[in-house]
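Source file protein.txt; content: compact mmCIF, C-alpha atoms and all ligand atoms.
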```
# COMPACT_ATOMS: atom_id res chain seq x y z
CA MET W 165 3.66 14.92 -23.59
CA ALA W 166 1.86 11.63 -23.85
CA LEU W 167 3.69 8.33 -23.94
CA SER W 168 2.93 6.07 -26.88
CA GLN W 169 1.58 2.60 -26.09
CA ALA W 170 5.01 1.15 -26.98
CA GLN W 171 6.79 3.53 -24.58
CA TRP W 172 4.26 2.77 -21.83
CA ASN W 173 4.79 -0.97 -22.33
CA ARG W 174 8.56 -0.50 -22.08
CA VAL W 175 8.21 1.33 -18.75
CA GLY W 176 6.04 -1.46 -17.35
CA GLN W 177 8.33 -4.25 -18.53
CA TYR W 178 11.39 -2.41 -17.24
CA VAL W 179 9.96 -1.91 -13.72
CA ARG W 180 8.64 -5.47 -13.57
CA SER W 181 11.95 -7.04 -14.52
CA TYR W 182 13.93 -4.58 -12.34
CA LEU W 183 11.91 -5.71 -9.30
CA GLN W 184 12.47 -9.39 -10.11
CA ARG W 185 16.19 -8.89 -10.69
CA THR W 186 16.85 -6.77 -7.61
CA ALA W 187 14.77 -8.90 -5.23
CA GLN W 188 17.04 -11.79 -6.20
CA ASN W 189 20.36 -9.99 -6.55
CA TYR W 190 20.08 -8.20 -3.21
CA GLY W 191 19.59 -11.51 -1.39
CA HIS W 192 16.01 -11.08 -0.21
CA LYS W 193 14.24 -14.15 1.16
CA ASN W 194 11.33 -15.39 -0.98
CA ALA W 195 12.59 -13.10 -3.72
CA GLU W 196 10.16 -14.28 -6.37
CA TYR W 197 7.13 -13.92 -4.09
CA ARG W 198 8.23 -10.46 -2.98
CA ALA W 199 8.81 -9.27 -6.53
CA VAL W 200 5.35 -10.43 -7.63
CA TRP W 201 3.81 -8.90 -4.48
CA ARG W 202 5.48 -5.56 -5.17
CA TRP W 203 4.52 -5.58 -8.83
CA MET W 204 0.86 -6.34 -8.11
CA HIS W 205 0.89 -3.61 -5.44
CA THR W 206 2.24 -1.28 -8.13
CA LEU W 207 -0.67 -2.19 -10.41
CA ASN W 208 -3.13 -1.58 -7.55
CA VAL W 209 -1.57 1.84 -7.04
CA LEU W 210 -2.00 2.55 -10.75
CA LYS W 211 -5.66 1.49 -10.52
CA ASN W 212 -6.22 3.75 -7.50
CA LEU W 213 -4.44 6.55 -9.31
CA ASP W 214 -6.72 6.32 -12.35
CA ALA W 215 -9.74 6.84 -10.07
CA ILE W 216 -8.02 9.78 -8.36
CA LEU W 217 -7.06 11.37 -11.70
CA ASP W 218 -10.70 11.16 -12.80
CA GLY W 219 -11.97 12.56 -9.50
CA GLU W 220 -9.45 15.39 -9.50
CA LYS W 221 -10.20 16.13 -13.18
CA ALA W 222 -6.50 15.96 -14.04
CA GLY W 223 -5.39 17.09 -17.49
CA ASP W 224 -3.70 14.74 -19.96
CA ASP W 225 -0.27 16.06 -19.05
CA ALA W 226 -0.61 15.46 -15.31
CA ARG W 227 -2.24 12.10 -16.01
CA ASP W 228 0.79 10.97 -17.99
CA VAL W 229 3.32 12.18 -15.40
CA CYS W 230 1.44 10.54 -12.51
CA ARG W 231 0.87 7.20 -14.27
CA VAL W 232 4.57 6.80 -15.10
CA ALA W 233 5.48 7.86 -11.54
CA ALA W 234 3.07 5.23 -10.18
CA LEU W 235 4.77 2.47 -12.19
CA PHE W 236 8.19 3.56 -10.92
CA HIS W 237 7.21 4.52 -7.36
CA ASP W 238 8.53 1.36 -5.60
CA VAL W 239 11.05 0.26 -8.23
CA ASP W 240 13.92 0.47 -5.73
CA HIS W 241 12.27 -1.23 -2.79
CA TYR W 242 14.85 -4.01 -2.85
CA THR W 243 18.04 -2.05 -3.52
CA VAL W 244 18.15 0.32 -0.52
CA ASP W 245 16.66 0.73 2.98
CA THR W 246 12.94 1.54 2.80
CA GLN W 247 13.49 5.14 3.95
CA TYR W 248 15.56 5.82 0.81
CA HIS W 249 13.52 3.88 -1.76
CA ALA W 250 11.59 6.90 -3.05
CA LEU W 251 14.75 8.95 -3.63
CA ARG W 252 16.54 6.05 -5.27
CA GLY W 253 13.47 5.20 -7.35
CA ALA W 254 13.35 8.77 -8.66
CA GLU W 255 16.98 8.40 -9.76
CA THR W 256 16.30 5.09 -11.50
CA ALA W 257 13.26 6.55 -13.29
CA THR W 258 15.23 9.64 -14.31
CA ALA W 259 18.03 7.55 -15.83
CA PHE W 260 15.55 5.33 -17.71
CA LEU W 261 13.36 8.14 -19.03
CA LYS W 262 16.37 10.21 -20.15
CA ARG W 263 17.76 7.18 -21.98
CA GLU W 264 14.39 6.88 -23.70
CA GLY W 265 14.73 10.47 -24.87
CA HIS W 266 12.05 12.21 -22.78
CA PRO W 267 12.49 15.96 -22.16
CA ALA W 268 14.20 17.03 -18.92
CA GLN W 269 11.23 18.98 -17.59
CA TYR W 270 8.88 16.03 -18.02
CA VAL W 271 11.39 13.67 -16.38
CA GLU W 272 11.74 16.01 -13.38
CA ARG W 273 7.97 16.10 -12.85
CA VAL W 274 7.88 12.30 -12.79
CA ALA W 275 10.87 12.23 -10.42
CA GLU W 276 9.23 14.71 -8.04
CA ALA W 277 6.07 12.61 -7.84
CA ILE W 278 8.13 9.49 -7.08
CA ARG W 279 10.19 11.27 -4.38
CA GLY W 280 7.02 12.64 -2.79
CA HIS W 281 5.09 9.36 -2.46
CA HIS W 282 6.78 8.11 0.71
CA HIS W 283 7.07 9.79 4.12
CA ASP W 284 8.18 8.53 7.51
CA PHE W 285 5.72 9.76 10.10
CA SER W 286 6.83 10.50 13.65
CA ASP W 287 4.95 9.61 16.84
CA ASP W 288 6.05 12.89 18.44
CA GLU W 289 3.76 15.21 16.47
CA PRO W 290 0.03 14.97 15.63
CA ILE W 291 -0.40 13.15 12.33
CA ASP W 292 -2.65 15.90 10.92
CA GLU W 293 0.08 18.52 11.36
CA GLN W 294 2.70 16.32 9.72
CA VAL W 295 0.39 15.57 6.79
CA ALA W 296 -0.50 19.26 6.30
CA ARG W 297 3.19 20.20 6.22
CA ILE W 298 4.06 17.41 3.76
CA ALA W 299 1.13 18.21 1.47
CA ALA W 300 2.06 21.90 1.38
CA GLY W 301 5.47 20.99 -0.02
CA LEU W 302 4.19 18.72 -2.81
CA SER W 303 2.79 19.34 -6.27
CA HIS W 304 -0.76 18.19 -7.02
CA GLU W 305 0.79 15.42 -9.14
CA ALA W 306 2.88 14.16 -6.22
CA ARG W 307 -0.12 14.32 -3.88
CA MET W 308 -2.22 12.20 -6.25
CA VAL W 309 0.51 9.53 -6.46
CA MET W 310 0.95 9.63 -2.68
CA ASP W 311 -2.78 8.98 -2.15
CA ALA W 312 -2.87 6.23 -4.78
CA GLU W 313 -0.17 4.45 -2.76
CA THR W 314 -1.86 5.04 0.61
CA LEU W 315 -5.21 3.71 -0.60
CA ASP W 316 -3.64 0.30 -1.20
CA LYS W 317 -3.20 0.07 2.59
CA ILE W 318 -6.90 0.66 3.34
CA GLY W 319 -9.95 -1.48 2.63
CA ALA W 320 -10.59 -4.93 1.20
CA ASN W 321 -7.04 -5.43 0.01
CA ASN W 322 -5.69 -4.48 3.43
CA ILE W 323 -8.02 -6.99 5.10
CA LEU W 324 -6.82 -9.84 2.88
CA GLN W 325 -3.23 -8.76 3.46
CA SER W 326 -3.75 -8.78 7.23
CA VAL W 327 -5.23 -12.30 7.09
CA LEU W 328 -2.31 -13.49 4.95
CA THR W 329 0.18 -11.94 7.37
CA MET W 330 -1.48 -13.63 10.36
CA SER W 331 -1.47 -16.96 8.52
CA ALA W 332 2.21 -16.62 7.73
CA VAL W 333 3.09 -16.00 11.38
CA SER W 334 0.83 -18.64 12.99
CA HIS W 335 -1.92 -20.97 11.87
CA PRO W 336 -4.97 -19.09 13.14
CA GLN W 337 -8.54 -20.32 13.32
CA ILE W 338 -11.31 -18.17 11.83
CA PHE W 339 -12.41 -17.02 15.30
CA GLU W 340 -8.87 -15.87 16.03
CA VAL W 341 -8.64 -13.96 12.75
CA THR W 342 -12.05 -12.39 13.45
CA ARG W 343 -10.95 -11.34 16.92
CA GLU W 344 -7.77 -9.78 15.55
CA LEU W 345 -9.56 -7.98 12.73
CA THR W 346 -12.28 -6.60 15.00
CA SER W 347 -10.18 -5.49 17.92
CA GLY W 348 -6.61 -5.42 16.72
CA TRP W 349 -4.07 -3.60 14.68
CA PRO W 350 -5.45 -4.03 11.12
CA LEU W 351 -8.32 -1.55 11.53
CA GLU W 352 -6.23 0.86 13.59
CA ARG W 353 -3.54 0.82 10.93
CA ALA W 354 -6.09 1.43 8.16
CA ARG W 355 -7.57 4.36 10.13
CA THR W 356 -4.14 5.89 10.59
CA TRP W 357 -3.35 5.56 6.88
CA ALA W 358 -6.69 7.21 6.03
CA GLN W 359 -5.58 10.24 8.05
CA THR W 360 -2.61 10.69 5.73
CA LEU W 361 -4.69 11.14 2.54
CA VAL W 362 -4.13 14.55 0.99
CA THR W 363 -6.38 14.94 -2.07
CA THR W 364 -10.15 15.48 -2.07
CA THR W 365 -10.75 12.33 -4.14
CA GLY W 366 -8.28 10.29 -2.07
CA LYS W 367 -10.11 11.25 1.12
CA ILE W 368 -13.49 10.26 -0.36
CA MET W 369 -12.10 6.90 -1.52
CA GLY W 370 -10.43 6.34 1.86
CA ALA W 371 -13.69 7.04 3.72
CA GLN W 372 -15.54 4.56 1.46
CA ARG W 373 -12.93 1.89 2.11
CA LEU W 374 -12.97 2.42 5.87
CA ASP W 375 -16.76 2.25 5.79
CA PHE W 376 -16.57 -1.09 4.00
CA TYR W 377 -14.01 -2.28 6.54
CA GLU W 378 -16.29 -1.38 9.45
CA ARG W 379 -19.34 -3.00 7.78
CA LEU W 380 -17.36 -6.21 7.27
CA LEU W 381 -16.34 -6.18 10.93
CA ARG W 382 -19.96 -5.71 12.03
CA GLN W 383 -20.98 -8.62 9.80
CA LEU W 384 -18.22 -10.80 11.23
CA ALA W 385 -19.37 -9.92 14.75
CA GLU W 386 -22.87 -11.09 13.79
CA GLU W 387 -21.73 -14.35 12.24
CA VAL W 388 -18.62 -15.52 14.01
CA VAL W 389 -18.18 -16.38 17.70
CA ALA W 390 -14.86 -14.84 18.71
CA ASP W 391 -14.73 -16.27 22.26
CA ASP W 392 -15.39 -19.88 23.24
CA PRO W 393 -17.81 -19.87 26.22
CA PHE W 394 -16.75 -23.44 27.08
CA PRO W 395 -13.04 -23.16 27.77
CA GLN W 396 -11.06 -26.37 27.78
CA PRO W 397 -11.03 -27.57 31.44
CA SER W 398 -7.66 -28.07 33.09
CA GLN W 399 -6.38 -31.60 33.72
CA LEU W 400 -7.22 -31.29 37.43
CA THR W 401 -10.79 -30.14 36.69
CA GLN W 402 -11.19 -32.97 34.19
CA GLU W 403 -10.19 -35.47 36.85
CA SER W 404 -12.37 -33.96 39.56
CA LEU W 405 -15.35 -33.83 37.23
CA GLN W 406 -14.48 -37.28 35.93
CA VAL W 407 -14.67 -35.98 32.41
CA PRO W 408 -13.86 -38.88 30.10
CA GLU W 409 -10.65 -38.36 28.11
FE FE D 501 4.12 1.46 -2.82
FE FE D 502 6.81 3.24 -1.61
```

Do you think you could lay out the structure here as C-alpha cells?
Amino acid sequence: MALSQAQWNRVGQYVRSYLQRTAQNYGHKNAEYRAVWRWMHTLNVLKNLDAILDGEKAGDDARDVCRVAALFHDVDHYTVDTQYHALRGAETATAFLKREGHPAQYVERVAEAIRGHHHDFSDDEPIDEQVARIAAGLSHEARMVMDAETLDKIGANNILQSVLTMSAVSHPQIFEVTRELTSGWPLERARTWAQTLVTTTGKIMGAQRLDFYERLLRQLAEEVVADDPFPQPSQLTQESLQVPE
C-alpha cells in the first residue's frame, strides 16, 4: 500500500518533532544541535535509500515500506542506549502506524526493516562472516535500509563529519587535519563500514564513495604540507644559535 502525500508528511513531522522532544526531555547536552544532526542524517539515509531502491529495482510496495522505515530508523536514538535504539524505534513506529490505521502486515514489514538496520559488530570474528550471517537473516527491504544508513558513514559526508569532530575536540590547523585524514582513523573507519554493505547497489555506491575519499586524500597530499621541515627550535638551541626572539 502506498502512503498518501498527507500521510507521508505526518510521518516526517512526527519523527522530526519526536527527535527534538526526546533530545531535550532525556537531558542530552546540546539537545537542539543533536536533534537537527539526527534529522538531517535521517534525510541523508532517505536520499541514499532512494538510490538503492532504484538500483535494486524495488517494487512500489517495498519502496514504500523502506522509505517509512528510513524516516523512523533512528527515532529512538535519544530515549534508550544506542544498542537498543533499533528495537525501540520499531516499537515507536508500530504504535504510530497502527494509530494511523495501517494494516498489521504492512506495519510489521516496516518494523522489521527498522529493527534490522543496526548491528553491533564484534572484534572477535572476521567482519565478512558477521555481515554474511546478519544479511542472511534479513529481508531485502531490511538490507536496503541497512545499507542506506551505512552509506551515510562513507564518503564526502563522512569527511566533513570527521573534520567537524576534530574541530570540536581541538582547534586543528589544516596541516593537522590533512595528516589525520590521510593517515588516521577517518579513512579506516570508512573502509570498515564499506565492508558491512549487503546489497549489490549499496556495495557499488560504497566503492564509489571510498574511491572519492582516496582521490581527495591524494589531492590533499599534493597540495598540503603535512609536516613542517623547520621545527620550532628549543629555547636552548635558540640561545646557542643566537636566534632573535
Ligand atoms: Fe542512522
Ligand atoms: Fe541507527

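Distance annotation: of W:Leu213, W:Met310, W:Ala226, W:Val200, the residue with the minimal separation from ligand FE 501 (chain D) is W:Met310; atom set is only C-alpha atoms and all ligand atoms.
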
Report as a PDB file with C-alpha atoms, keeping the file's coordinate frame which protein, DNA and RNA residues come within 7 Å of ligand FE 501 (chain D), using only C-alpha atoms and all ligand atoms.
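Produced file selection.pdb, reproduced below:
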```
ATOM      1  CA  HIS W 205       0.890  -3.610  -5.440  1.00  0.00           C
ATOM      2  CA  THR W 206       2.240  -1.280  -8.130  1.00  0.00           C
ATOM      3  CA  HIS W 237       7.210   4.520  -7.360  1.00  0.00           C
ATOM      4  CA  ASP W 238       8.530   1.360  -5.600  1.00  0.00           C
ATOM      5  CA  GLU W 313      -0.170   4.450  -2.760  1.00  0.00           C
TER       6      GLU W 313
END
```

Hey, could you make a per-residue contact list for chain W against ligand FE 502 (chain D) with 12 Å as the cut-off, showing the nearest pair of atoms and its distance in Å to one decimal, counting all atoms listed in the file, sorted by chain and number, as CSV?
```
residue,atom,partner,partner_atom,distance
W:Arg202,CA,D:FE502,FE,9.6
W:Trp203,CA,D:FE502,FE,11.6
W:His205,CA,D:FE502,FE,9.8
W:Thr206,CA,D:FE502,FE,9.2
W:Val209,CA,D:FE502,FE,10.1
W:Ala233,CA,D:FE502,FE,11.0
W:Ala234,CA,D:FE502,FE,9.6
W:Leu235,CA,D:FE502,FE,10.8
W:Phe236,CA,D:FE502,FE,9.4
W:His237,CA,D:FE502,FE,5.9
W:Asp238,CA,D:FE502,FE,4.7
W:Val239,CA,D:FE502,FE,8.4
W:Asp240,CA,D:FE502,FE,8.7
W:His241,CA,D:FE502,FE,7.2
W:Tyr242,CA,D:FE502,FE,10.9
W:Val244,CA,D:FE502,FE,11.8
W:Asp245,CA,D:FE502,FE,11.2
W:Thr246,CA,D:FE502,FE,7.7
W:Gln247,CA,D:FE502,FE,8.9
W:Tyr248,CA,D:FE502,FE,9.4
W:His249,CA,D:FE502,FE,6.7
W:Ala250,CA,D:FE502,FE,6.2
W:Leu251,CA,D:FE502,FE,10.0
W:Arg252,CA,D:FE502,FE,10.8
W:Gly253,CA,D:FE502,FE,9.0
W:Ala254,CA,D:FE502,FE,11.1
W:Ala277,CA,D:FE502,FE,11.3
W:Ile278,CA,D:FE502,FE,8.4
W:Arg279,CA,D:FE502,FE,9.1
W:Gly280,CA,D:FE502,FE,9.5
W:His281,CA,D:FE502,FE,6.4
W:His282,CA,D:FE502,FE,5.4
W:His283,CA,D:FE502,FE,8.7
W:Asp284,CA,D:FE502,FE,10.6
W:Val309,CA,D:FE502,FE,10.1
W:Met310,CA,D:FE502,FE,8.7
W:Asp311,CA,D:FE502,FE,11.2
W:Ala312,CA,D:FE502,FE,10.6
W:Glu313,CA,D:FE502,FE,7.2
W:Thr314,CA,D:FE502,FE,9.1
W:Asp316,CA,D:FE502,FE,10.9
W:Lys317,CA,D:FE502,FE,11.3
```

Original post:
Between W:Glu264, W:Glu352, W:Glu272, W:Glu386, which has the minimum distance to Gln171 (chain W) (counting only C-alpha atoms)?
Top reply: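 Looking only at the distances to Gln171 (chain W), the closest residue turns out to be W:Glu264.
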
**OP:** Please measure the separation of CA of Val327 (chain W) and CA of Glu378 (chain W), giving the value in Å to one decimal.
**Re:**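 A separation of 15.7 Å between them.
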
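Put simply, CA of Ala371 (chain W) is 7.4 Å away from CA of Ala358 (chain W).
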
**OP:** Measuring atom to atom with all atoms listed in the file, identify which of W:Ser181, W:Gln372, W:Thr346, W:Thr401 is nearest to Val389 (chain W).
**Re:**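 Smallest separation from Val389 (chain W) among the options: W:Thr346.
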
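For the pair CA of Ala354 (chain W) and CA of Asn322 (chain W), the interatomic distance is 7.6 Å.
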
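Closest to Leu261 (chain W) among W:Leu324, W:Val362, W:Ala306, W:Val175 is W:Val175, based on all atoms listed in the file.
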
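Residues in contact with Ile338 (chain W) at 12 Å, where only C-alpha atoms are counted and same-chain residues fewer than 4 positions away are skipped, are listed as Val327, Met330, Ser331, Thr342, Arg343, Glu344, Leu345, Leu384, Ala385, Glu387, Val388, Val389, Ala390 and Asp391 of chain W.
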
Subject >> Nearest to Met204 (chain W), chosen from W:Ile323, W:Val179, W:Asn173, W:Pro393, with only C-alpha atoms counted in the distances >> reply: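 Of W:Ile323, W:Val179, W:Asn173, W:Pro393, the one nearest Met204 (chain W), counting only C-alpha atoms, is W:Val179.
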
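Counting all atoms listed in the file, the residue from W:Lys262, W:Glu340, W:Val232, W:Tyr377 that sits nearest to Asp392 (chain W) is W:Glu340.
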